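**Q** Below you'll find the structure I mean.
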Amino acid sequence: MGRKGSPRSPQAEGGPRAVSPPSPLWALPEELLLLICSYLDAQALGRLAQVCRRLRFLSGRDLLWRRIARGCLNSGFTQLGTDFLMPWMELDDEYLYLSQAENIQAYPLCPEGTGLQRHPQAIFSGHQEDVCRFVLVNSHIVSGGGDGSIVLHKIHGSYSVKFSAHEQEVNCVDFQGGLIVSGSRDRTAKVWSLSAGRVGQCLHTVQTEDRVWSIAISPLLRGQRPDKLYQRFKEKEERSAKVDEQEDARFHSYN
């Protein structure tokens, strides 16, 4: 008797290939998929990204990794003295200003520069999320936070101002002559007024093609009046826009 062979699949016989039904996972809205993925740690997200292109895109969203990054970078000081925090710092003749979570703490310097006192002498608060960046100018602290707000503190006094500035994190700030400039993850750079009656008023918005990580007022303009400073800023931007228009016109003439 001949030995019977095993039945052959339709694909081996040249038949039509069976199409697997779509996964019910993709029937869920993206918000729910992100919520599910938010329970995964960094290792699980990395493994999920290796499954397919769609899951690689989903697992790479900033919303998922921001929580993990904050947990790694903003865990504060441990009892053993090991610093896991990556703060922003400013130093003057008397204090070290250090951002930690949503506060800015002022640590007095020891005499003759021998070290730093263990406990802060002053704490400047006002943000609901982590302080991303701050500057120390003319006895004032201007800070931008993860909550999209800007806070101005007078170092030797109780005066402070807070206003909503951006839709996402304020990555960078600078302050001079009654003007604040800020840049954000929302792809905008803005100019703010601190003049009487116009505190927190946005004077100008610059839309950019990517997130703004650094911004500064030119040292050549420091010490000027706010109105003169803003006028110089506007004139420079108008000249830049005119150059762009000329380049666009030249490009179209070639085509």
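Chain lettering (A, B, ...) mirrors the order of the structure tokens, residue numbering begins at 1 for each chain separately, and ligand numbering begins at 1 in order of display.
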What's around range 128-136 of chain A at 7 Å? Count only C-alpha atoms, leave out sequence neighbours fewer than 5 positions away in its own chain, and write the answer as a ChimeraX atom specification.

**A** /A:88,90,99,101-103,141-147,170-174

**Q** Would you mind listing what lies within 7 Å of Lys190 in chain A as a ChimeraX atom specification, with only C-alpha atoms counted and same-chain residues fewer than 6 positions away left out?

**A** /A:181-183,202,204-206

**Q** With N, CA and C atoms retained, export the selected residues as a compact mmCIF listing (two decimals), in the first residue's frame.

**A**
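Result saved to part20.txt:
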# COMPACT_ATOMS: atom_id res chain seq x y z
N VAL A 181 10.46 87.80 25.57
CA VAL A 181 10.33 86.98 24.37
C VAL A 181 10.32 85.52 24.80
N SER A 182 9.53 84.72 24.11
CA SER A 182 9.39 83.31 24.50
C SER A 182 9.27 82.45 23.25
N GLY A 183 9.71 81.20 23.39
CA GLY A 183 9.58 80.21 22.32
C GLY A 183 8.99 78.94 22.89
N CYS A 202 0.27 90.10 24.31
CA CYS A 202 1.12 89.63 23.22
C CYS A 202 1.23 90.71 22.15
N HIS A 204 3.45 90.47 19.46
CA HIS A 204 3.74 89.91 18.14
C HIS A 204 3.95 88.41 18.26
N THR A 205 3.55 87.67 17.23
CA THR A 205 3.74 86.22 17.16
C THR A 205 4.45 85.86 15.87
N VAL A 206 5.48 85.05 15.98
CA VAL A 206 6.21 84.54 14.83
C VAL A 206 5.93 83.05 14.71

**Q** How would you write, as an MDAnalysis selection string, the set of residues in range 7-185 of chain A that DSSP gives as helix (DSSP H, G or I)?

**A** chainID A and resid 24:27 30:37 42:48 53:59 62:73 111:113

**Q** Can those selected residues be exported to a file as a compact mmCIF listing (two decimals), in the first residue's frame so that it contains N, CA and C atoms?

**A**
# COMPACT_ATOMS: atom_id res chain seq x y z
N PRO A 24 -9.15 43.74 15.28
CA PRO A 24 -10.13 44.64 15.92
C PRO A 24 -9.46 45.78 16.67
N LEU A 25 -8.13 45.68 16.86
CA LEU A 25 -7.41 46.75 17.55
C LEU A 25 -7.52 48.07 16.81
N TRP A 26 -7.50 48.00 15.46
CA TRP A 26 -7.51 49.22 14.67
C TRP A 26 -8.89 49.83 14.56
N ALA A 27 -9.89 49.14 15.09
CA ALA A 27 -11.24 49.73 15.13
C ALA A 27 -11.39 50.72 16.28
N GLU A 30 -7.96 56.53 18.11
CA GLU A 30 -6.56 56.74 18.46
C GLU A 30 -6.39 57.16 19.91
N GLU A 31 -7.35 57.96 20.44
CA GLU A 31 -7.24 58.39 21.83
C GLU A 31 -7.24 57.20 22.78
N LEU A 32 -8.05 56.19 22.48
CA LEU A 32 -8.09 55.02 23.33
C LEU A 32 -6.83 54.17 23.19
N LEU A 33 -6.28 54.10 21.97
CA LEU A 33 -5.02 53.37 21.76
C LEU A 33 -3.88 54.03 22.55
N LEU A 34 -3.85 55.36 22.53
CA LEU A 34 -2.82 56.06 23.29
C LEU A 34 -2.99 55.85 24.79
N LEU A 35 -4.24 55.79 25.23
CA LEU A 35 -4.49 55.54 26.65
C LEU A 35 -3.98 54.15 27.04
N ILE A 36 -4.22 53.16 26.20
CA ILE A 36 -3.74 51.81 26.48
C ILE A 36 -2.21 51.78 26.52
N CYS A 37 -1.60 52.44 25.55
CA CYS A 37 -0.13 52.45 25.48
C CYS A 37 0.50 53.23 26.62
N ALA A 42 9.10 51.86 29.07
CA ALA A 42 9.95 52.13 27.91
C ALA A 42 10.29 50.85 27.15
N GLN A 43 10.56 49.77 27.88
CA GLN A 43 10.92 48.52 27.22
C GLN A 43 9.76 47.95 26.43
N ALA A 44 8.56 48.00 27.00
CA ALA A 44 7.38 47.49 26.29
C ALA A 44 7.05 48.32 25.06
N LEU A 45 7.23 49.65 25.16
CA LEU A 45 6.99 50.50 23.99
C LEU A 45 7.98 50.20 22.88
N GLY A 46 9.23 49.94 23.26
CA GLY A 46 10.24 49.59 22.25
C GLY A 46 9.90 48.29 21.55
N ARG A 47 9.41 47.30 22.29
CA ARG A 47 9.02 46.03 21.66
C ARG A 47 7.79 46.20 20.79
N LEU A 48 6.86 47.04 21.24
CA LEU A 48 5.65 47.28 20.45
C LEU A 48 6.00 47.92 19.12
N ARG A 53 4.61 48.88 11.15
CA ARG A 53 4.85 50.31 10.96
C ARG A 53 3.82 51.15 11.71
N ARG A 54 2.59 50.68 11.71
CA ARG A 54 1.54 51.47 12.35
C ARG A 54 1.75 51.56 13.85
N LEU A 55 2.13 50.44 14.46
CA LEU A 55 2.41 50.46 15.90
C LEU A 55 3.71 51.21 16.20
N ARG A 56 4.65 51.20 15.27
CA ARG A 56 5.88 51.97 15.47
C ARG A 56 5.56 53.45 15.52
N PHE A 57 4.68 53.91 14.64
CA PHE A 57 4.28 55.32 14.65
C PHE A 57 3.53 55.65 15.93
N LEU A 58 2.62 54.75 16.34
CA LEU A 58 1.82 55.00 17.54
C LEU A 58 2.70 55.03 18.79
N SER A 59 3.62 54.08 18.90
CA SER A 59 4.45 54.00 20.11
C SER A 59 5.51 55.10 20.16
N ASP A 62 5.03 61.61 21.14
CA ASP A 62 5.61 62.36 22.25
C ASP A 62 4.79 62.23 23.52
N LEU A 63 3.48 62.11 23.37
CA LEU A 63 2.60 62.02 24.52
C LEU A 63 2.97 60.84 25.42
N LEU A 64 3.40 59.73 24.83
CA LEU A 64 3.75 58.55 25.61
C LEU A 64 5.12 58.68 26.26
N TRP A 65 6.08 59.22 25.53
CA TRP A 65 7.46 59.28 26.03
C TRP A 65 7.69 60.45 26.96
N ARG A 66 6.83 61.47 26.91
CA ARG A 66 7.01 62.61 27.79
C ARG A 66 6.88 62.21 29.26
N ARG A 67 5.90 61.35 29.54
CA ARG A 67 5.72 60.88 30.91
C ARG A 67 6.94 60.08 31.38
N ILE A 68 7.46 59.24 30.51
CA ILE A 68 8.63 58.43 30.88
C ILE A 68 9.85 59.32 31.08
N ALA A 69 10.03 60.32 30.21
CA ALA A 69 11.18 61.22 30.32
C ALA A 69 11.12 62.02 31.62
N ARG A 70 9.93 62.50 31.95
CA ARG A 70 9.81 63.27 33.18
C ARG A 70 10.11 62.40 34.40
N GLY A 71 9.68 61.16 34.35
CA GLY A 71 9.96 60.27 35.46
C GLY A 71 11.44 60.01 35.63
N CYS A 72 12.19 60.03 34.53
CA CYS A 72 13.64 59.78 34.60
C CYS A 72 14.43 61.03 34.94
N LEU A 73 14.00 62.19 34.41
CA LEU A 73 14.80 63.40 34.52
C LEU A 73 14.41 64.29 35.68
N PRO A 111 30.41 81.42 52.40
CA PRO A 111 31.47 82.44 52.34
C PRO A 111 32.72 81.91 51.64
N GLU A 112 33.36 82.81 50.89
CA GLU A 112 34.60 82.52 50.18
C GLU A 112 34.41 81.40 49.14
N GLY A 113 33.18 81.20 48.69
CA GLY A 113 32.92 80.23 47.62
C GLY A 113 33.25 78.81 47.97

**Q** Distance CA of Gly200 in chain A-CA of Gln176 in chain A, one decimal place?

**A**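 Taking CA of Gly200 in chain A and CA of Gln176 in chain A, their separation equals 14.2 Å.
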
**Q** Using only C-alpha atoms, which residue out of A:Leu203, A:Val51, A:Val212, A:Leu28 lies closest to Thr188 in chain A?

**A**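 Ranked by minimum distance to Thr188 in chain A, first place goes to A:Val212.
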